[in-house]
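Trainee: For reference, this is coords-v9.txt, and it has compact mmCIF, C-alpha atoms.
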```txt
# COMPACT_ATOMS: atom_id res chain seq x y z
CA SER A 110 -37.90 -71.39 -19.56
CA GLY A 111 -37.50 -70.32 -15.93
CA ARG A 112 -41.06 -71.44 -15.14
CA LEU A 113 -41.84 -72.27 -11.53
CA ASN A 114 -45.51 -72.91 -11.16
CA GLN A 115 -48.33 -74.45 -13.14
CA PRO A 116 -49.92 -76.96 -10.79
CA GLU A 117 -53.46 -77.98 -11.69
CA GLY A 118 -53.14 -76.43 -15.17
CA ILE A 119 -50.16 -78.57 -16.13
CA ALA A 120 -51.73 -81.67 -14.54
CA TRP A 121 -54.93 -81.10 -16.53
CA LEU A 122 -52.96 -80.67 -19.77
CA ALA A 123 -51.07 -83.88 -18.99
CA GLY A 124 -54.30 -85.88 -19.41
CA ASP A 125 -55.62 -88.78 -17.35
CA ALA A 126 -52.56 -91.03 -16.97
CA PRO A 127 -51.18 -90.73 -13.39
CA ALA A 128 -47.55 -90.89 -14.60
CA ASP A 129 -48.13 -87.96 -16.99
CA ARG A 130 -49.75 -85.93 -14.21
CA ILE A 131 -46.87 -86.63 -11.83
CA GLY A 132 -44.32 -85.82 -14.55
CA GLY A 133 -46.15 -82.57 -15.25
CA LEU A 134 -46.18 -81.53 -11.60
CA ILE A 135 -42.52 -82.32 -10.89
CA GLY A 136 -41.27 -81.08 -14.29
CA ASP A 137 -39.72 -77.84 -13.03
CA PHE A 138 -37.74 -79.79 -10.43
CA VAL A 139 -36.15 -82.18 -12.93
CA LYS A 140 -33.08 -80.89 -14.75
CA GLY A 141 -30.95 -82.39 -17.50
CA PRO A 142 -31.50 -85.18 -20.03
CA LEU A 143 -34.32 -87.68 -19.53
CA PRO A 144 -35.02 -90.26 -18.19
CA GLY A 145 -32.31 -89.48 -15.60
CA ASN A 146 -33.26 -91.35 -12.39
CA LEU A 147 -36.94 -91.43 -13.30
CA PRO A 148 -39.08 -94.39 -14.37
CA PRO A 149 -39.72 -94.16 -18.15
CA ASP A 150 -43.44 -93.34 -17.82
CA ILE A 151 -42.82 -90.44 -15.42
CA ALA A 152 -39.90 -89.22 -17.56
CA ALA A 153 -42.36 -89.14 -20.49
CA GLY A 154 -44.63 -86.93 -18.34
CA VAL A 155 -41.73 -84.55 -17.66
CA GLU A 156 -40.98 -84.48 -21.40
CA LEU A 157 -44.62 -83.55 -22.08
CA HIS A 158 -44.32 -80.76 -19.48
CA ARG A 159 -41.25 -79.41 -21.29
CA ARG A 160 -43.05 -79.50 -24.62
CA ILE A 161 -46.05 -77.62 -23.19
CA ASP A 162 -43.63 -74.99 -21.80
CA SER A 163 -42.12 -74.55 -25.27
CA PHE A 164 -45.58 -74.40 -26.85
CA ALA A 165 -46.60 -71.67 -24.38
CA GLU A 166 -43.55 -69.56 -25.18
CA THR A 167 -44.56 -69.32 -28.84
CA HIS A 168 -48.36 -69.14 -28.51
CA PRO A 169 -49.82 -65.70 -29.40
CA ALA A 170 -52.15 -65.56 -26.36
CA PHE A 171 -49.38 -66.41 -23.90
CA ARG A 172 -47.11 -63.87 -25.59
CA ALA A 173 -49.89 -61.27 -25.37
CA SER A 174 -50.09 -61.92 -21.61
CA ARG A 175 -46.33 -61.52 -21.20
CA ALA A 176 -46.56 -58.23 -23.10
CA ARG A 177 -49.19 -56.98 -20.60
CA VAL A 178 -46.62 -57.24 -17.79
CA SER A 179 -44.95 -53.94 -16.90
CA ALA A 180 -41.49 -53.26 -18.36
CA GLU A 181 -39.76 -53.44 -14.95
CA ARG A 182 -41.12 -56.96 -14.38
CA ARG A 183 -40.67 -58.25 -17.95
CA ARG A 184 -37.83 -60.58 -16.92
CA VAL A 185 -40.17 -62.49 -14.58
CA ALA A 186 -43.23 -62.22 -16.85
CA GLY A 187 -43.28 -65.96 -17.62
CA ILE A 188 -43.51 -66.85 -13.93
CA MET A 189 -46.23 -64.24 -13.36
CA VAL A 190 -48.32 -65.38 -16.32
CA ASP A 191 -48.03 -69.04 -15.25
CA LEU A 192 -49.53 -68.17 -11.88
CA PHE A 193 -52.17 -65.86 -13.36
CA TYR A 194 -53.21 -68.72 -15.65
CA ASP A 195 -53.42 -71.08 -12.68
CA HIS A 196 -55.85 -68.61 -11.13
CA PHE A 197 -58.03 -68.61 -14.24
CA MET A 198 -57.81 -72.40 -14.51
CA ALA A 199 -59.15 -72.66 -10.94
CA ILE A 200 -61.88 -70.06 -11.62
CA HIS A 201 -63.01 -71.68 -14.90
CA TRP A 202 -62.28 -75.28 -13.87
CA SER A 203 -65.77 -76.63 -14.62
CA ARG A 204 -65.38 -75.61 -18.29
CA PHE A 205 -62.45 -77.97 -18.64
CA HIS A 206 -63.08 -80.92 -16.35
CA ALA A 207 -66.12 -82.86 -15.12
CA VAL A 208 -64.49 -83.78 -11.77
CA PRO A 209 -64.84 -80.97 -9.17
CA LEU A 210 -61.55 -79.12 -8.52
CA SER A 211 -61.37 -80.14 -4.84
CA ALA A 212 -61.66 -83.86 -5.72
CA TYR A 213 -59.21 -83.53 -8.62
CA VAL A 214 -56.64 -81.78 -6.42
CA ALA A 215 -57.04 -84.37 -3.63
CA THR A 216 -56.15 -87.07 -6.20
CA LEU A 217 -53.06 -85.09 -7.28
CA TYR A 218 -51.82 -84.77 -3.68
CA ARG A 219 -52.35 -88.52 -3.18
CA LEU A 220 -50.47 -89.39 -6.40
CA LEU A 221 -47.52 -87.23 -5.37
CA ALA A 222 -47.38 -88.62 -1.83
CA ASP A 223 -47.39 -92.23 -3.12
CA GLU A 224 -44.75 -91.81 -5.84
CA PRO A 225 -41.23 -92.86 -4.72
CA SER A 226 -39.40 -91.15 -7.62
CA VAL A 227 -40.62 -87.60 -6.80
CA PRO A 228 -37.48 -85.40 -6.47
CA GLU A 229 -36.40 -84.49 -2.95
CA ARG A 230 -36.60 -80.75 -3.70
CA PHE A 231 -40.25 -81.18 -4.62
CA LEU A 232 -40.96 -83.29 -1.51
CA GLU A 233 -39.77 -80.36 0.63
CA PHE A 234 -42.64 -78.28 -0.81
CA LEU A 235 -45.32 -80.97 -0.75
CA PRO A 236 -46.36 -80.76 2.95
CA ARG A 237 -46.75 -76.97 2.74
CA MET A 238 -48.49 -77.29 -0.61
CA ARG A 239 -51.06 -79.69 0.90
CA GLU A 240 -51.43 -77.88 4.21
CA ASP A 241 -52.15 -74.51 2.62
CA ASP A 242 -53.90 -76.22 -0.32
CA TRP A 243 -52.09 -74.09 -2.90
CA LEU A 244 -53.86 -75.72 -5.82
CA SER A 245 -57.48 -75.01 -4.82
CA GLY A 246 -56.45 -71.73 -3.18
CA TYR A 247 -55.45 -70.25 -6.53
CA ARG A 248 -59.08 -69.25 -7.07
CA SER A 249 -58.24 -66.26 -4.87
CA VAL A 250 -56.38 -63.26 -6.36
CA GLU A 251 -54.95 -62.58 -2.88
CA ARG A 252 -53.46 -66.08 -2.74
CA ILE A 253 -51.84 -65.56 -6.15
CA ALA A 254 -50.35 -62.27 -4.92
CA ARG A 255 -49.03 -63.98 -1.77
CA ALA A 256 -47.56 -66.84 -3.82
CA LEU A 257 -45.65 -64.34 -5.98
CA ASP A 258 -44.36 -62.53 -2.89
CA ARG A 259 -43.26 -65.86 -1.39
CA MET A 260 -41.44 -66.80 -4.60
CA ALA A 261 -39.69 -63.43 -4.67
CA GLU A 262 -38.23 -64.19 -1.27
CA HIS A 263 -37.69 -67.95 -1.19
CA ARG A 264 -37.70 -69.51 -4.64
CA LEU A 265 -35.50 -67.32 -6.84
CA ARG A 266 -31.80 -67.15 -6.11
CA ARG A 267 -31.13 -63.74 -7.61
CA PRO A 268 -32.75 -60.36 -6.85
CA ASN A 269 -36.06 -60.04 -8.72
CA ARG A 270 -39.17 -57.89 -9.10
CA LEU A 271 -41.80 -60.51 -8.22
CA ALA A 272 -42.77 -58.88 -4.91
CA GLY A 273 -46.00 -56.93 -5.41
CA ALA A 274 -46.55 -58.50 -8.85
CA GLY A 275 -50.08 -59.60 -7.92
CA ALA A 276 -51.22 -56.00 -8.47
CA GLU A 277 -50.63 -56.47 -12.21
CA LEU A 278 -53.23 -59.25 -12.34
CA THR A 279 -55.84 -56.96 -10.77
CA ALA A 280 -54.90 -54.06 -13.04
CA GLN A 281 -55.45 -56.03 -16.28
CA TYR A 282 -57.67 -58.84 -15.07
CA ARG A 283 -59.99 -59.09 -18.10
CA GLY A 284 -57.10 -58.98 -20.57
CA PHE A 285 -55.21 -61.81 -18.84
CA GLU A 286 -58.46 -63.78 -18.59
CA SER A 287 -59.24 -63.52 -22.30
CA ASP A 288 -55.64 -64.52 -23.15
CA PHE A 289 -56.00 -67.57 -20.89
CA LEU A 290 -59.33 -68.59 -22.44
CA ALA A 291 -57.69 -68.49 -25.89
CA PHE A 292 -54.57 -70.33 -24.72
CA ALA A 293 -56.02 -73.21 -22.65
CA PRO A 294 -57.97 -75.04 -25.41
CA ALA A 295 -55.05 -74.66 -27.84
CA ALA A 296 -52.59 -76.05 -25.25
CA ALA A 297 -54.98 -78.95 -24.52
CA ARG A 298 -55.16 -79.82 -28.23
CA TYR A 299 -51.36 -79.66 -28.52
CA ALA A 300 -50.88 -81.93 -25.49
CA ALA A 301 -53.49 -84.42 -26.72
CA VAL A 302 -51.82 -84.67 -30.15
CA HIS A 303 -48.43 -85.26 -28.49
CA ARG A 304 -49.83 -87.97 -26.18
CA ALA A 305 -51.56 -89.68 -29.12
CA ALA A 306 -48.38 -89.61 -31.26
CA ARG A 307 -46.33 -90.97 -28.36
CA SER A 308 -48.64 -93.93 -27.81
CA GLY A 309 -48.63 -94.64 -31.55
```
What does the file become when written as structure tokens?
Mentor:
Amino acid sequence: SGRLNQPEGIAWLAGDAPADRIGGLIGDFVKGPLPGNLPPDIAAGVELHRRIDSFAETHPAFRASRARVSAERRRVAGIMVDLFYDHFMAIHWSRFHAVPLSAYVATLYRLLADEPSVPERFLEFLPRMREDDWLSGYRSVERIARALDRMAEHRLRRPNRLAGAGAELTAQYRGFESDFLAFAPAAARYAAVHRAARSG
């Protein structure tokens, strides 16, 4: 799906099991058939991440958000909307989780640091991720804009229109927010049903 970022959102959708959270966070860095080199429980978390990605692609609210993106940035709309949704997840966190965001994020960083099967490519990002506290920082529209600019330069191999894309969040803030608030509970239900079916 070309998705690059969904940190605390994807971890929240993954549920409470540490392996599912880790699998969710590293999902974009794991290519090819599963389990690959991963332990089975973390591979199952990556599989859940992939299913949530597919669910998002077909969900009306997520599609509405992609359609809000300007025509010249449509090719990178999925990446933009992922980050916009991370912003709204951080802003509305207390609606979705009883644990404060700062404590939840600290646990995620600890899980990632302690997990030996985290891909090397992800480990390269982890120190910067922790140092700048990307996950909690997504409450700020400016941080989202900077993250998109950074991706435009460092994360995508081919020329792209991500630079300056943060302005689109500001321009249609309420629309993206209402899409997110429709999408998040539906995605949570989908993920919960998948986890329940998997555990039999």
Trainee: Using all atoms listed in the file, which of the listed residues (A:Ala123, A:Ala254, A:Ala128, A:Ala293) sits closest to Leu220 in chain A?
Mentor: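 Nearest to Leu220 in chain A: A:Ala128.
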Trainee: Of the candidates A:Met238, A:Ala306, A:Leu217, A:Arg182, which shows the shortest atom-to-atom distance to Gly275 in chain A, using only C-alpha atoms?
Mentor: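 Under the stated criterion, the closest residue is A:Arg182.
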Trainee: How far is it from CA of Arg239 in chain A to CA of Asp258 in chain A, in Å with one decimal?
Mentor: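 These atoms are spaced 18.8 Å apart.
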Trainee: Using only C-alpha atoms, which of A:Glu156, A:Asp125, A:Asn146, A:Phe171 sits nearest Leu290 in chain A?
Mentor: A:Phe171
Trainee: Taking all atoms listed in the file into account, which of A:Ala173, A:Ile135, A:Ala186, A:Ala297 comes nearest Arg159 in chain A?
Mentor: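 Residue with the minimum atom-to-atom distance to Arg159 in chain A: A:Ile135.
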Trainee: Could you model all heavy atoms for range 124-135 of chain A and present them as a PDB file, keeping the file's coordinate frame?
Mentor:
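Output (out37.pdb):
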```pdb
ATOM      1  N   GLY A 124     -53.337 -84.829 -19.104  1.00  0.00           N
ATOM      2  CA  GLY A 124     -54.300 -85.880 -19.410  1.00  0.00           C
ATOM      3  C   GLY A 124     -54.608 -86.744 -18.195  1.00  0.00           C
ATOM      4  O   GLY A 124     -54.369 -86.348 -17.058  1.00  0.00           O
ATOM      5  N   ASP A 125     -55.101 -87.955 -18.443  1.00  0.00           N
ATOM      6  CA  ASP A 125     -55.620 -88.780 -17.350  1.00  0.00           C
ATOM      7  C   ASP A 125     -54.620 -89.773 -16.771  1.00  0.00           C
ATOM      8  O   ASP A 125     -54.857 -90.328 -15.705  1.00  0.00           O
ATOM      9  CB  ASP A 125     -56.870 -89.550 -17.831  1.00  0.00           C
ATOM     10  CG  ASP A 125     -58.025 -88.591 -18.129  1.00  0.00           C
ATOM     11  OD1 ASP A 125     -58.108 -87.535 -17.454  1.00  0.00           O
ATOM     12  OD2 ASP A 125     -58.816 -88.886 -19.032  1.00  0.00           O
ATOM     13  N   ALA A 126     -53.518 -90.030 -17.475  1.00  0.00           N
ATOM     14  CA  ALA A 126     -52.560 -91.030 -16.970  1.00  0.00           C
ATOM     15  C   ALA A 126     -51.830 -90.479 -15.745  1.00  0.00           C
ATOM     16  O   ALA A 126     -51.244 -89.394 -15.803  1.00  0.00           O
ATOM     17  CB  ALA A 126     -51.551 -91.377 -18.059  1.00  0.00           C
ATOM     18  N   PRO A 127     -51.856 -91.216 -14.612  1.00  0.00           N
ATOM     19  CA  PRO A 127     -51.180 -90.730 -13.390  1.00  0.00           C
ATOM     20  C   PRO A 127     -49.714 -90.356 -13.612  1.00  0.00           C
ATOM     21  O   PRO A 127     -49.252 -89.338 -13.107  1.00  0.00           O
ATOM     22  CB  PRO A 127     -51.323 -91.905 -12.418  1.00  0.00           C
ATOM     23  CG  PRO A 127     -52.574 -92.606 -12.857  1.00  0.00           C
ATOM     24  CD  PRO A 127     -52.585 -92.476 -14.355  1.00  0.00           C
ATOM     25  N   ALA A 128     -48.978 -91.169 -14.387  1.00  0.00           N
ATOM     26  CA  ALA A 128     -47.550 -90.890 -14.600  1.00  0.00           C
ATOM     27  C   ALA A 128     -47.351 -89.553 -15.323  1.00  0.00           C
ATOM     28  O   ALA A 128     -46.423 -88.799 -15.022  1.00  0.00           O
ATOM     29  CB  ALA A 128     -46.891 -92.021 -15.395  1.00  0.00           C
ATOM     30  N   ASP A 129     -48.229 -89.243 -16.286  1.00  0.00           N
ATOM     31  CA  ASP A 129     -48.130 -87.960 -16.990  1.00  0.00           C
ATOM     32  C   ASP A 129     -48.432 -86.802 -16.043  1.00  0.00           C
ATOM     33  O   ASP A 129     -47.798 -85.748 -16.109  1.00  0.00           O
ATOM     34  CB  ASP A 129     -49.092 -87.928 -18.181  1.00  0.00           C
ATOM     35  CG  ASP A 129     -48.551 -88.675 -19.395  1.00  0.00           C
ATOM     36  OD1 ASP A 129     -47.325 -88.850 -19.479  1.00  0.00           O
ATOM     37  OD2 ASP A 129     -49.357 -89.078 -20.251  1.00  0.00           O
ATOM     38  N   ARG A 130     -49.421 -86.993 -15.164  1.00  0.00           N
ATOM     39  CA  ARG A 130     -49.750 -85.930 -14.210  1.00  0.00           C
ATOM     40  C   ARG A 130     -48.583 -85.684 -13.253  1.00  0.00           C
ATOM     41  O   ARG A 130     -48.222 -84.544 -12.976  1.00  0.00           O
ATOM     42  CB  ARG A 130     -51.000 -86.295 -13.411  1.00  0.00           C
ATOM     43  CG  ARG A 130     -52.269 -86.241 -14.232  1.00  0.00           C
ATOM     44  CD  ARG A 130     -53.455 -86.498 -13.349  1.00  0.00           C
ATOM     45  NE  ARG A 130     -54.672 -86.608 -14.147  1.00  0.00           N
ATOM     46  CZ  ARG A 130     -55.871 -86.846 -13.630  1.00  0.00           C
ATOM     47  NH1 ARG A 130     -56.002 -87.003 -12.331  1.00  0.00           N
ATOM     48  NH2 ARG A 130     -56.932 -86.931 -14.397  1.00  0.00           N
ATOM     49  N   ILE A 131     -48.006 -86.772 -12.754  1.00  0.00           N
ATOM     50  CA  ILE A 131     -46.870 -86.630 -11.830  1.00  0.00           C
ATOM     51  C   ILE A 131     -45.701 -85.949 -12.554  1.00  0.00           C
ATOM     52  O   ILE A 131     -45.090 -85.012 -12.042  1.00  0.00           O
ATOM     53  CB  ILE A 131     -46.435 -88.003 -11.263  1.00  0.00           C
ATOM     54  CG1 ILE A 131     -47.522 -88.539 -10.321  1.00  0.00           C
ATOM     55  CG2 ILE A 131     -45.108 -87.894 -10.512  1.00  0.00           C
ATOM     56  CD1 ILE A 131     -47.371 -90.016  -9.978  1.00  0.00           C
ATOM     57  N   GLY A 132     -45.401 -86.421 -13.763  1.00  0.00           N
ATOM     58  CA  GLY A 132     -44.320 -85.820 -14.550  1.00  0.00           C
ATOM     59  C   GLY A 132     -44.559 -84.344 -14.787  1.00  0.00           C
ATOM     60  O   GLY A 132     -43.634 -83.529 -14.718  1.00  0.00           O
ATOM     61  N   GLY A 133     -45.813 -83.983 -15.053  1.00  0.00           N
ATOM     62  CA  GLY A 133     -46.150 -82.570 -15.250  1.00  0.00           C
ATOM     63  C   GLY A 133     -45.904 -81.753 -14.000  1.00  0.00           C
ATOM     64  O   GLY A 133     -45.353 -80.653 -14.065  1.00  0.00           O
ATOM     65  N   LEU A 134     -46.289 -82.291 -12.854  1.00  0.00           N
ATOM     66  CA  LEU A 134     -46.180 -81.530 -11.600  1.00  0.00           C
ATOM     67  C   LEU A 134     -44.735 -81.381 -11.127  1.00  0.00           C
ATOM     68  O   LEU A 134     -44.366 -80.369 -10.557  1.00  0.00           O
ATOM     69  CB  LEU A 134     -47.017 -82.207 -10.510  1.00  0.00           C
ATOM     70  CG  LEU A 134     -48.526 -81.979 -10.677  1.00  0.00           C
ATOM     71  CD1 LEU A 134     -49.318 -83.027  -9.927  1.00  0.00           C
ATOM     72  CD2 LEU A 134     -48.919 -80.587 -10.199  1.00  0.00           C
ATOM     73  N   ILE A 135     -43.902 -82.404 -11.374  1.00  0.00           N
ATOM     74  CA  ILE A 135     -42.520 -82.320 -10.890  1.00  0.00           C
ATOM     75  C   ILE A 135     -41.579 -81.753 -11.952  1.00  0.00           C
ATOM     76  O   ILE A 135     -40.386 -81.569 -11.695  1.00  0.00           O
ATOM     77  CB  ILE A 135     -41.987 -83.707 -10.430  1.00  0.00           C
ATOM     78  CG1 ILE A 135     -41.878 -84.691 -11.608  1.00  0.00           C
ATOM     79  CG2 ILE A 135     -42.851 -84.263  -9.304  1.00  0.00           C
ATOM     80  CD1 ILE A 135     -41.193 -86.015 -11.256  1.00  0.00           C
TER      81      ILE A 135
END
```
